[in-house]
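Here is data21.cif, consisting of mmCIF, C-alpha atoms and all ligand atoms:
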```
data_coords
loop_
_atom_site.group_PDB
_atom_site.id
_atom_site.type_symbol
_atom_site.label_atom_id
_atom_site.label_comp_id
_atom_site.auth_asym_id
_atom_site.auth_seq_id
_atom_site.Cartn_x
_atom_site.Cartn_y
_atom_site.Cartn_z
ATOM 1 C CA MET A 1 4.076 30.768 -10.194
ATOM 2 C CA ARG A 2 2.317 29.505 -7.068
ATOM 3 C CA ILE A 3 4.191 26.951 -4.972
ATOM 4 C CA LEU A 4 2.592 24.884 -2.220
ATOM 5 C CA LEU A 5 5.071 24.020 0.534
ATOM 6 C CA THR A 6 4.663 21.361 3.173
ATOM 7 C CA ASN A 7 6.818 19.037 5.278
ATOM 8 C CA ASP A 8 6.574 16.344 7.922
ATOM 9 C CA ASP A 9 8.720 18.048 10.589
ATOM 10 C CA GLY A 10 5.944 20.512 11.354
ATOM 11 C CA ILE A 11 5.105 24.158 10.691
ATOM 12 C CA HIS A 12 7.782 25.420 13.133
ATOM 13 C CA ALA A 13 10.649 23.488 11.538
ATOM 14 C CA VAL A 14 13.714 25.495 10.510
ATOM 15 C CA GLY A 15 13.987 23.467 7.298
ATOM 16 C CA LEU A 16 10.545 24.614 6.114
ATOM 17 C CA ARG A 17 11.281 28.244 6.977
ATOM 18 C CA THR A 18 14.669 28.174 5.190
ATOM 19 C CA LEU A 19 13.014 26.628 2.122
ATOM 20 C CA ALA A 20 10.282 29.284 2.118
ATOM 21 C CA GLU A 21 12.776 32.133 2.508
ATOM 22 C CA SER A 22 14.615 30.860 -0.535
ATOM 23 C CA LEU A 23 11.525 30.229 -2.709
ATOM 24 C CA GLN A 24 9.741 33.495 -1.872
ATOM 25 C CA GLU A 25 12.165 35.216 -4.262
ATOM 26 C CA ILE A 26 10.697 33.354 -7.245
ATOM 27 C CA ALA A 27 7.057 32.540 -6.467
ATOM 28 C CA GLU A 28 3.904 33.186 -4.517
ATOM 29 C CA LEU A 29 4.023 30.764 -1.593
ATOM 30 C CA ILE A 30 1.286 28.891 0.232
ATOM 31 C CA LEU A 31 2.377 26.847 3.237
ATOM 32 C CA VAL A 32 0.137 24.122 4.607
ATOM 33 C CA ALA A 33 2.094 22.062 7.126
ATOM 34 C CA PRO A 34 1.352 19.799 10.100
ATOM 35 C CA GLU A 35 1.067 21.641 13.413
ATOM 36 C CA ARG A 36 3.568 19.185 14.962
ATOM 37 C CA ASP A 37 6.348 16.796 13.953
ATOM 38 C CA LEU A 38 4.875 13.890 11.963
ATOM 39 C CA SER A 39 8.095 12.364 10.655
ATOM 40 C CA ALA A 40 7.576 8.787 9.415
ATOM 41 C CA ALA A 41 3.830 9.407 8.989
ATOM 42 C CA GLY A 42 4.049 7.820 5.543
ATOM 43 C CA HIS A 43 1.116 8.409 3.198
ATOM 44 C CA ALA A 44 -1.587 8.324 5.895
ATOM 45 C CA VAL A 45 -4.666 10.468 5.239
ATOM 46 C CA THR A 46 -7.320 11.480 7.740
ATOM 47 C CA LEU A 47 -10.815 10.110 7.136
ATOM 48 C CA HIS A 48 -12.279 9.802 10.644
ATOM 49 C CA LYS A 49 -11.972 13.236 12.229
ATOM 50 C CA PRO A 50 -12.398 16.859 11.095
ATOM 51 C CA LEU A 51 -9.400 18.380 9.364
ATOM 52 C CA ARG A 52 -8.439 21.901 10.407
ATOM 53 C CA MET A 53 -6.331 24.496 8.652
ATOM 54 C CA LYS A 54 -5.557 27.413 10.972
ATOM 55 C CA PRO A 55 -3.987 30.645 9.645
ATOM 56 C CA ALA A 56 -0.476 31.045 10.988
ATOM 57 C CA ALA A 57 2.507 33.302 10.398
ATOM 58 C CA ILE A 58 6.223 32.802 10.044
ATOM 59 C CA PRO A 59 8.207 35.951 10.960
ATOM 60 C CA GLY A 60 9.862 37.598 7.974
ATOM 61 C CA LEU A 61 7.972 35.528 5.439
ATOM 62 C CA GLU A 62 5.545 36.896 2.878
ATOM 63 C CA ALA A 63 3.339 33.880 2.389
ATOM 64 C CA THR A 64 -0.069 32.447 3.125
ATOM 65 C CA VAL A 65 0.570 30.056 6.000
ATOM 66 C CA TYR A 66 -1.691 27.413 7.530
ATOM 67 C CA ALA A 67 -1.013 24.926 10.329
ATOM 68 C CA SER A 68 -3.067 21.757 10.008
ATOM 69 C CA ASN A 69 -3.954 18.933 12.362
ATOM 70 C CA GLY A 70 -3.634 16.632 9.359
ATOM 71 C CA THR A 71 -0.807 14.515 7.987
ATOM 72 C CA PRO A 72 1.642 15.699 5.299
ATOM 73 C CA ALA A 73 -0.501 13.994 2.618
ATOM 74 C CA ASP A 74 -3.616 15.708 4.077
ATOM 75 C CA CYS A 75 -1.793 19.039 3.845
ATOM 76 C CA VAL A 76 -1.179 18.527 0.127
ATOM 77 C CA VAL A 77 -4.808 17.564 -0.502
ATOM 78 C CA LEU A 78 -5.981 20.637 1.435
ATOM 79 C CA GLY A 79 -3.504 22.884 -0.386
ATOM 80 C CA CYS A 80 -4.643 21.576 -3.779
ATOM 81 C CA LEU A 81 -8.410 21.280 -3.241
ATOM 82 C CA ALA A 82 -9.505 23.494 -0.306
ATOM 83 C CA LEU A 83 -7.914 26.779 -1.331
ATOM 84 C CA PRO A 84 -9.215 29.099 -4.071
ATOM 85 C CA GLN A 85 -6.330 28.491 -6.474
ATOM 86 C CA ARG A 86 -4.427 25.346 -7.347
ATOM 87 C CA PRO A 87 -0.628 25.481 -7.026
ATOM 88 C CA ASP A 88 1.668 25.019 -10.038
ATOM 89 C CA LEU A 89 4.258 23.074 -8.057
ATOM 90 C CA VAL A 90 4.492 21.295 -4.698
ATOM 91 C CA VAL A 91 7.722 21.151 -2.678
ATOM 92 C CA ALA A 92 8.021 19.073 0.512
ATOM 93 C CA GLY A 93 10.827 19.720 2.986
ATOM 94 C CA ILE A 94 13.467 20.601 3.760
ATOM 95 C CA ASN A 95 13.413 17.453 5.850
ATOM 96 C CA ARG A 96 15.735 17.133 8.815
ATOM 97 C CA GLY A 97 17.494 13.864 7.992
ATOM 98 C CA ALA A 98 17.962 11.903 4.782
ATOM 99 C CA ASN A 99 15.243 10.050 2.925
ATOM 100 C CA LEU A 100 17.278 7.357 1.188
ATOM 101 C CA GLY A 101 16.471 3.815 0.087
ATOM 102 C CA GLU A 102 13.511 2.228 1.884
ATOM 103 C CA GLU A 103 13.085 5.355 4.000
ATOM 104 C CA VAL A 104 10.967 6.771 1.165
ATOM 105 C CA LEU A 105 8.259 4.271 2.153
ATOM 106 C CA TYR A 106 7.975 5.690 5.684
ATOM 107 C CA SER A 107 8.704 9.326 4.987
ATOM 108 C CA GLY A 108 5.895 11.861 5.324
ATOM 109 C CA THR A 109 8.007 14.282 3.272
ATOM 110 C CA VAL A 110 8.284 11.900 0.315
ATOM 111 C CA SER A 111 4.619 10.897 0.653
ATOM 112 C CA ALA A 112 3.603 14.559 0.449
ATOM 113 C CA ALA A 113 5.392 14.849 -2.898
ATOM 114 C CA MET A 114 3.766 11.581 -4.009
ATOM 115 C CA GLU A 115 0.326 12.915 -3.079
ATOM 116 C CA ALA A 116 1.036 15.989 -5.204
ATOM 117 C CA ALA A 117 1.850 13.719 -8.141
ATOM 118 C CA LEU A 118 -1.437 11.877 -7.514
ATOM 119 C CA GLN A 119 -3.141 15.287 -7.674
ATOM 120 C CA GLY A 120 -1.524 15.777 -11.089
ATOM 121 C CA LEU A 121 1.073 18.349 -10.053
ATOM 122 C CA PRO A 122 4.844 18.455 -10.504
ATOM 123 C CA ALA A 123 6.524 17.913 -7.154
ATOM 124 C CA PHE A 124 9.716 17.149 -5.341
ATOM 125 C CA ALA A 125 10.723 16.168 -1.813
ATOM 126 C CA ILE A 126 13.982 17.548 -0.465
ATOM 127 C CA SER A 127 15.969 16.386 2.570
ATOM 128 C CA VAL A 128 19.283 17.170 4.224
ATOM 129 C CA ALA A 129 21.281 14.064 5.054
ATOM 130 C CA SER A 130 22.042 14.971 8.657
ATOM 131 C CA TYR A 131 20.231 15.512 11.929
ATOM 132 C CA SER A 132 22.895 17.766 13.411
ATOM 133 C CA PRO A 133 24.164 20.257 12.717
ATOM 134 C CA PRO A 134 21.373 21.058 10.246
ATOM 135 C CA GLU A 135 22.844 22.883 7.241
ATOM 136 C CA TYR A 136 19.743 23.822 5.255
ATOM 137 C CA GLN A 137 21.018 26.640 3.049
ATOM 138 C CA THR A 138 22.647 24.400 0.424
ATOM 139 C CA ALA A 139 19.374 22.497 -0.004
ATOM 140 C CA ALA A 140 17.337 25.725 0.004
ATOM 141 C CA ASP A 141 19.470 27.221 -2.791
ATOM 142 C CA PHE A 142 19.190 24.017 -4.822
ATOM 143 C CA ALA A 143 15.412 23.887 -4.296
ATOM 144 C CA ARG A 144 15.081 27.394 -5.758
ATOM 145 C CA LYS A 145 16.957 26.334 -8.887
ATOM 146 C CA LEU A 146 14.980 23.091 -9.291
ATOM 147 C CA ALA A 147 11.629 24.822 -8.647
ATOM 148 C CA GLN A 148 12.256 27.170 -11.552
ATOM 149 C CA ILE A 149 13.080 24.350 -13.979
ATOM 150 C CA LEU A 150 10.834 21.440 -12.943
ATOM 151 C CA PRO A 151 7.435 22.865 -14.049
ATOM 152 C CA HIS A 152 8.840 23.134 -17.593
ATOM 153 C CA ILE A 153 10.094 19.553 -17.765
ATOM 154 C CA ASP A 154 7.781 16.922 -19.195
ATOM 155 C CA LEU A 155 7.577 14.292 -16.443
ATOM 156 C CA PRO A 156 5.173 11.318 -16.748
ATOM 157 C CA ASP A 157 1.976 11.805 -14.696
ATOM 158 C CA ASP A 158 2.828 9.431 -11.862
ATOM 159 C CA CYS A 159 6.404 10.678 -11.351
ATOM 160 C CA PHE A 160 8.019 12.990 -8.841
ATOM 161 C CA LEU A 161 11.554 13.628 -7.619
ATOM 162 C CA ASN A 162 13.213 12.734 -4.320
ATOM 163 C CA VAL A 163 16.191 14.989 -3.613
ATOM 164 C CA ASN A 164 18.800 14.390 -0.902
ATOM 165 C CA VAL A 165 21.441 17.005 -0.180
ATOM 166 C CA PRO A 166 24.687 16.408 1.741
ATOM 167 C CA PRO A 167 24.955 18.531 4.915
ATOM 168 C CA ILE A 168 27.813 20.690 3.613
ATOM 169 C CA PRO A 169 28.191 24.257 2.313
ATOM 170 C CA GLY A 170 27.246 24.761 -1.332
ATOM 171 C CA GLU A 171 30.818 25.340 -2.525
ATOM 172 C CA GLN A 172 31.807 21.890 -1.214
ATOM 173 C CA ILE A 173 29.113 20.050 -3.222
ATOM 174 C CA LYS A 174 30.911 17.825 -5.751
ATOM 175 C CA GLY A 175 28.080 17.494 -8.275
ATOM 176 C CA ILE A 176 24.490 16.521 -8.994
ATOM 177 C CA GLU A 177 23.622 12.897 -9.717
ATOM 178 C CA LEU A 178 20.538 11.071 -10.999
ATOM 179 C CA THR A 179 20.244 7.963 -8.839
ATOM 180 C CA ARG A 180 18.228 4.834 -8.075
ATOM 181 C CA LEU A 181 17.098 3.926 -4.568
ATOM 182 C CA GLY A 182 19.657 2.049 -2.508
ATOM 183 C CA LYS A 183 18.715 -0.342 0.277
ATOM 184 C CA ARG A 184 18.816 0.914 3.826
ATOM 185 C CA ALA A 185 16.579 -0.543 6.500
ATOM 186 C CA TYR A 186 16.627 0.679 10.049
ATOM 187 C CA ILE A 187 13.480 -0.268 11.923
ATOM 188 C CA ASN A 188 14.947 -3.620 12.897
ATOM 189 C CA LYS A 189 14.589 -3.621 16.659
ATOM 190 C CA VAL A 190 11.744 -3.507 19.173
ATOM 191 C CA GLU A 191 12.651 -2.603 22.740
ATOM 192 C CA GLN A 192 10.272 -3.878 25.381
ATOM 193 C CA ARG A 193 10.017 -1.824 28.563
ATOM 194 C CA GLU A 194 7.775 -1.467 31.548
ATOM 195 C CA ASP A 195 6.022 1.723 32.630
ATOM 196 C CA LEU A 196 5.646 2.897 36.246
ATOM 197 C CA ARG A 197 2.393 0.957 36.571
ATOM 198 C CA GLY A 198 4.007 -2.283 35.481
ATOM 199 C CA GLN A 199 2.430 -2.254 32.014
ATOM 200 C CA THR A 200 4.541 -3.315 29.043
ATOM 201 C CA TYR A 201 5.282 -0.833 26.249
ATOM 202 C CA TYR A 202 7.495 -0.862 23.184
ATOM 203 C CA TRP A 203 9.878 1.420 21.295
ATOM 204 C CA LEU A 204 10.496 0.771 17.588
ATOM 205 C CA SER A 205 14.129 1.479 16.833
ATOM 206 C CA GLY A 206 17.256 0.214 15.142
ATOM 207 C CA ASN A 207 20.401 1.285 13.378
ATOM 208 C CA PRO A 208 20.636 1.977 9.649
ATOM 209 C CA GLU A 209 21.696 -1.190 7.841
ATOM 210 C CA GLU A 210 22.839 -0.479 4.320
ATOM 211 C CA THR A 211 22.549 -3.547 2.117
ATOM 212 C CA ASP A 212 22.930 -1.707 -1.194
ATOM 213 C CA SER A 213 24.983 1.461 -1.255
ATOM 214 C CA SER A 214 26.680 0.610 -4.540
ATOM 215 C CA GLU A 215 27.511 3.108 -7.249
ATOM 216 C CA GLY A 216 24.441 4.684 -8.803
ATOM 217 C CA THR A 217 22.383 4.604 -5.612
ATOM 218 C CA ASP A 218 21.115 7.645 -3.735
ATOM 219 C CA ILE A 219 23.111 6.484 -0.683
ATOM 220 C CA ALA A 220 26.421 6.400 -2.585
ATOM 221 C CA ALA A 221 25.796 9.772 -4.231
ATOM 222 C CA VAL A 222 25.176 11.606 -0.957
ATOM 223 C CA ALA A 223 28.136 9.859 0.723
ATOM 224 C CA ALA A 224 30.338 11.130 -2.137
ATOM 225 C CA GLY A 225 29.184 14.722 -1.583
ATOM 226 C CA HIS A 226 26.755 14.791 -4.516
ATOM 227 C CA ILE A 227 23.181 16.083 -4.535
ATOM 228 C CA SER A 228 21.067 13.010 -5.320
ATOM 229 C CA ILE A 229 17.922 13.198 -7.472
ATOM 230 C CA THR A 230 15.886 9.982 -7.634
ATOM 231 C CA PRO A 231 12.896 9.939 -9.980
ATOM 232 C CA LEU A 232 10.158 7.954 -8.208
ATOM 233 C CA HIS A 233 6.784 6.682 -9.340
ATOM 234 C CA PHE A 234 4.010 4.920 -7.490
ATOM 235 C CA ASP A 235 3.716 1.802 -9.601
ATOM 236 C CA LEU A 236 5.138 -0.792 -7.180
ATOM 237 C CA THR A 237 4.490 -3.679 -9.583
ATOM 238 C CA ASN A 238 7.435 -6.052 -9.899
ATOM 239 C CA TYR A 239 7.383 -6.482 -13.689
ATOM 240 C CA ASP A 240 10.012 -9.260 -13.748
ATOM 241 C CA LEU A 241 7.846 -11.389 -11.474
ATOM 242 C CA LEU A 242 4.784 -10.851 -13.676
ATOM 243 C CA THR A 243 6.401 -13.261 -16.101
ATOM 244 C CA ASN A 244 8.679 -15.210 -13.741
ATOM 245 C CA LEU A 245 6.157 -16.168 -11.088
ATOM 246 C CA SER A 246 4.108 -18.462 -13.325
ATOM 247 C CA SER A 247 5.083 -21.483 -11.175
ATOM 248 C CA LEU A 248 3.027 -19.953 -8.369
ATOM 249 C CA LEU A 249 0.004 -19.769 -10.671
ATOM 250 C CA ASP A 250 0.556 -23.351 -11.785
ATOM 251 C CA GLN A 251 0.633 -24.598 -8.192
ATOM 252 C CA LEU A 252 -2.426 -22.561 -7.227
ATOM 253 C CA SER A 253 -4.343 -23.991 -10.193
ATOM 254 C CA GLU A 254 -3.578 -27.628 -9.355
HETATM 255 MN MN MN B 301 10.897 14.560 9.039
#
```

Represent the structure from my file as structure tokens, please.
Ligand code: MN
Amino acid sequence: MRILLTNDDGIHAVGLRTLAESLQEIAELILVAPERDLSAAGHAVTLHKPLRMKPAAIPGLEATVYASNGTPADCVVLGCLALPQRPDLVVAGINRGANLGEEVLYSGTVSAAMEAALQGLPAFAISVASYSPPEYQTAADFARKLAQILPHIDLPDDCFLNVNVPPIPGEQIKGIELTRLGKRAYINKVEQREDLRGQTYYWLSGNPEETDSSEGTDIAAVAAGHISITPLHFDLTNYDLLTNLSSLLDQLSE
């Protein structure tokens, strides 16, 4: 099995290295990752400048490694289409920090897994729900298990998995749960400041605001010490509104 690994924290991230160390026991690894931290890069792809893929090395790792000036989604495209052999599976992570609820829309890690699904490959994104202290081993062990099973499971073409792991040792994990996305918005503040030359600049920020962390959500599962697996797909159509929004059509047709 050949596994393509990428992330959005960058090629030097400990989470990526821990993931690779765990997966090298079961597969041939190819790493194509951004040369710097591109967290919250979303699904951006690069169309207006040359993309580079420079050979790199990670000490102690037997893998083909490239650092790219591209985004996480670029890295997946490069790993699938620019190298001699196509991977059998794509794994993105291990991200430093959770990707729960609406965060999946901003996350470069989740978008990398989505790009893999668009390329017709099985894929999952995996994140640890903490910034510090980063406890990656539990997620790395789980990724190895999932990577061995996922290629043999019949997922629909446009589907991939988003995995969030609590930041605790493996023996303290209470279970594994299939979940839906909760609601958790946190870019809800813009700070206006002034630079030394008197020019205005802005910082996007905010605090996580959980408006749905009810039972069955990814947020609740991780809070309860469970590993959360959310099956995602890229059809954003609101099917209820397809039939319930006819009043809009009526008014537009008047
Ligand atoms: Mn990140």

(request) Would you mind listing what lies within 10 Å of A:Pro133 as number ranges by chain, with only C-alpha atoms counted and same-chain residues fewer than 4 positions away left out? (result) A: 96, 167-168

(message) Calculated over all atoms listed in the file, which of the candidates A:Phe160, A:Trp203, A:Tyr239, A:Phe142 has the smallest distance to A:Gly175?
(response)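 Of the candidates, the smallest distance to A:Gly175 is held by A:Phe142.
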
(message) Between A:Leu16, A:Ala185, A:Leu47, A:Val190, which residue has the minimum interatomic distance to A:Ser127, considering only C-alpha atoms?
(response)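 Among the listed residues, A:Leu16 lies closest to A:Ser127.
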
(request) Report as a VMD selection string the residues that result from applying the PyMOL selection byres (((chain A and resi 230) around 8) and not hetatm) to the structure here. (result) chain A and resid 161 to 163 178 to 181 218 228 to 229 231 to 232

(message) I'd like to see the residues matched by the PyMOL selection byres (((not hetatm)) within 6 of (chain B and resi 301)) on this file, and ideally I'd get them as a ChimeraX atom specification.
(response) /A:8-9,39,95-96

(request) Give me the result of the PyMOL selection byres (((chain A and resi 61) around 8) and not hetatm) on this file, residue by residue, as an MDAnalysis selection string. (result) chainID A and resid 20:21 24 57:60 62:63

(request) Quote the spacing between atom CA of A:Arg52 and atom CA of A:Asn69 in Å to one decimal place. (result)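 So the two atoms, atom CA of A:Arg52 and atom CA of A:Asn69, lie 5.7 Å apart.
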
(request) Find the residue from A:Val77, A:Gly10, A:Leu196, A:Thr46 that sits nearest to A:Thr109; use only C-alpha atoms when measuring. (result)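 Smallest distance to A:Thr109 is found for A:Gly10.
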
Taking 4 positions as the minimum chain separation for residues in the same chain, which residues sit within 10 Å of A:Ala112 when counting only C-alpha atoms? Answer as an mmCIF file with C-alpha atoms, in the frame of the given file.
```
data_model
loop_
_atom_site.group_PDB
_atom_site.id
_atom_site.type_symbol
_atom_site.label_atom_id
_atom_site.label_comp_id
_atom_site.auth_asym_id
_atom_site.auth_seq_id
_atom_site.Cartn_x
_atom_site.Cartn_y
_atom_site.Cartn_z
ATOM 1 C CA LEU A 5 5.071 24.020 0.534
ATOM 2 C CA THR A 6 4.663 21.361 3.173
ATOM 3 C CA ASN A 7 6.818 19.037 5.278
ATOM 4 C CA ASP A 8 6.574 16.344 7.922
ATOM 5 C CA ALA A 41 3.830 9.407 8.989
ATOM 6 C CA GLY A 42 4.049 7.820 5.543
ATOM 7 C CA HIS A 43 1.116 8.409 3.198
ATOM 8 C CA ALA A 44 -1.587 8.324 5.895
ATOM 9 C CA THR A 71 -0.807 14.515 7.987
ATOM 10 C CA PRO A 72 1.642 15.699 5.299
ATOM 11 C CA ALA A 73 -0.501 13.994 2.618
ATOM 12 C CA ASP A 74 -3.616 15.708 4.077
ATOM 13 C CA CYS A 75 -1.793 19.039 3.845
ATOM 14 C CA VAL A 76 -1.179 18.527 0.127
ATOM 15 C CA VAL A 77 -4.808 17.564 -0.502
ATOM 16 C CA VAL A 90 4.492 21.295 -4.698
ATOM 17 C CA VAL A 91 7.722 21.151 -2.678
ATOM 18 C CA ALA A 92 8.021 19.073 0.512
ATOM 19 C CA GLY A 93 10.827 19.720 2.986
ATOM 20 C CA SER A 107 8.704 9.326 4.987
ATOM 21 C CA GLY A 108 5.895 11.861 5.324
ATOM 22 C CA ALA A 116 1.036 15.989 -5.204
ATOM 23 C CA ALA A 117 1.850 13.719 -8.141
ATOM 24 C CA LEU A 118 -1.437 11.877 -7.514
ATOM 25 C CA ALA A 123 6.524 17.913 -7.154
ATOM 26 C CA PHE A 124 9.716 17.149 -5.341
ATOM 27 C CA ALA A 125 10.723 16.168 -1.813
#
```

(request) Rounded to one decimal place, report the atom CA of A:Pro208-atom CA of A:Lys189 distance in Å. (result)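 These two atoms are separated by 10.8 Å.
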
(message) Let me make sure I understand: among A:Leu121, A:Leu83, A:Ile187, A:Ser22, which one has the smallest atom-to-atom distance to A:Leu146 if we use only C-alpha atoms?
(response)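 Closest residue, counting only C-alpha atoms: A:Ser22.
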
(message) Using all atoms listed in the file, which protein or nucleic acid residues come within 12 Å of stretch 134-138 of chain A? Drop anything in the same chain fewer than 2 positions from it, and give the result as a count of residues only.
(response) 43

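Rounded to one decimal, atom CA of A:Pro87 and atom CA of A:Ala33 lie 14.8 Å from each other.
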
(request) Kindly indicate which residue among A:Lys49, A:Asp157, A:Arg2, A:His12 lies nearest to A:Asp235, using only C-alpha atoms for the distances. (result) A:Asp157

Can you patch up stretch 42-55 of chain A, filling it in to N, CA, C and O atoms, and show the result as a compact mmCIF listing (two decimals), in the coordinates of the input?
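The resulting rebuild-v4.txt:
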```txt
# COMPACT_ATOMS: atom_id res chain seq x y z
N GLY A 42 4.37 8.49 6.79
CA GLY A 42 4.05 7.82 5.54
C GLY A 42 2.98 8.57 4.77
O GLY A 42 2.89 9.79 4.84
N HIS A 43 2.12 7.79 4.06
CA HIS A 43 1.12 8.41 3.20
C HIS A 43 -0.27 8.41 3.86
O HIS A 43 -1.31 8.45 3.18
N ALA A 44 -0.30 8.35 5.19
CA ALA A 44 -1.59 8.32 5.90
C ALA A 44 -2.42 9.56 5.55
O ALA A 44 -1.89 10.66 5.42
N VAL A 45 -3.73 9.35 5.38
CA VAL A 45 -4.67 10.47 5.24
C VAL A 45 -5.75 10.33 6.31
O VAL A 45 -5.95 9.24 6.86
N THR A 46 -6.38 11.44 6.62
CA THR A 46 -7.32 11.48 7.74
C THR A 46 -8.75 11.38 7.24
O THR A 46 -9.20 12.25 6.49
N LEU A 47 -9.44 10.31 7.61
CA LEU A 47 -10.82 10.11 7.14
C LEU A 47 -11.83 10.07 8.28
O LEU A 47 -13.02 10.04 8.05
N HIS A 48 -11.36 10.05 9.53
CA HIS A 48 -12.28 9.80 10.64
C HIS A 48 -12.34 10.92 11.67
O HIS A 48 -12.84 10.72 12.77
N LYS A 49 -11.82 12.08 11.33
CA LYS A 49 -11.97 13.24 12.23
C LYS A 49 -11.91 14.50 11.38
O LYS A 49 -11.40 14.47 10.24
N PRO A 50 -12.42 15.63 11.89
CA PRO A 50 -12.40 16.86 11.10
C PRO A 50 -10.97 17.34 10.87
O PRO A 50 -10.14 17.28 11.79
N LEU A 51 -10.70 17.79 9.66
CA LEU A 51 -9.40 18.38 9.36
C LEU A 51 -9.48 19.88 9.55
O LEU A 51 -10.44 20.51 9.10
N ARG A 52 -8.48 20.45 10.19
CA ARG A 52 -8.44 21.90 10.41
C ARG A 52 -7.25 22.49 9.66
O ARG A 52 -6.23 21.83 9.46
N MET A 53 -7.40 23.75 9.30
CA MET A 53 -6.33 24.50 8.65
C MET A 53 -6.37 25.89 9.27
O MET A 53 -7.22 26.69 8.92
N LYS A 54 -5.50 26.14 10.26
CA LYS A 54 -5.56 27.41 10.97
C LYS A 54 -4.53 28.39 10.41
O LYS A 54 -3.35 28.02 10.28
N PRO A 55 -4.96 29.65 10.12
CA PRO A 55 -3.99 30.64 9.64
C PRO A 55 -2.86 30.81 10.66
O PRO A 55 -3.09 30.83 11.87
```
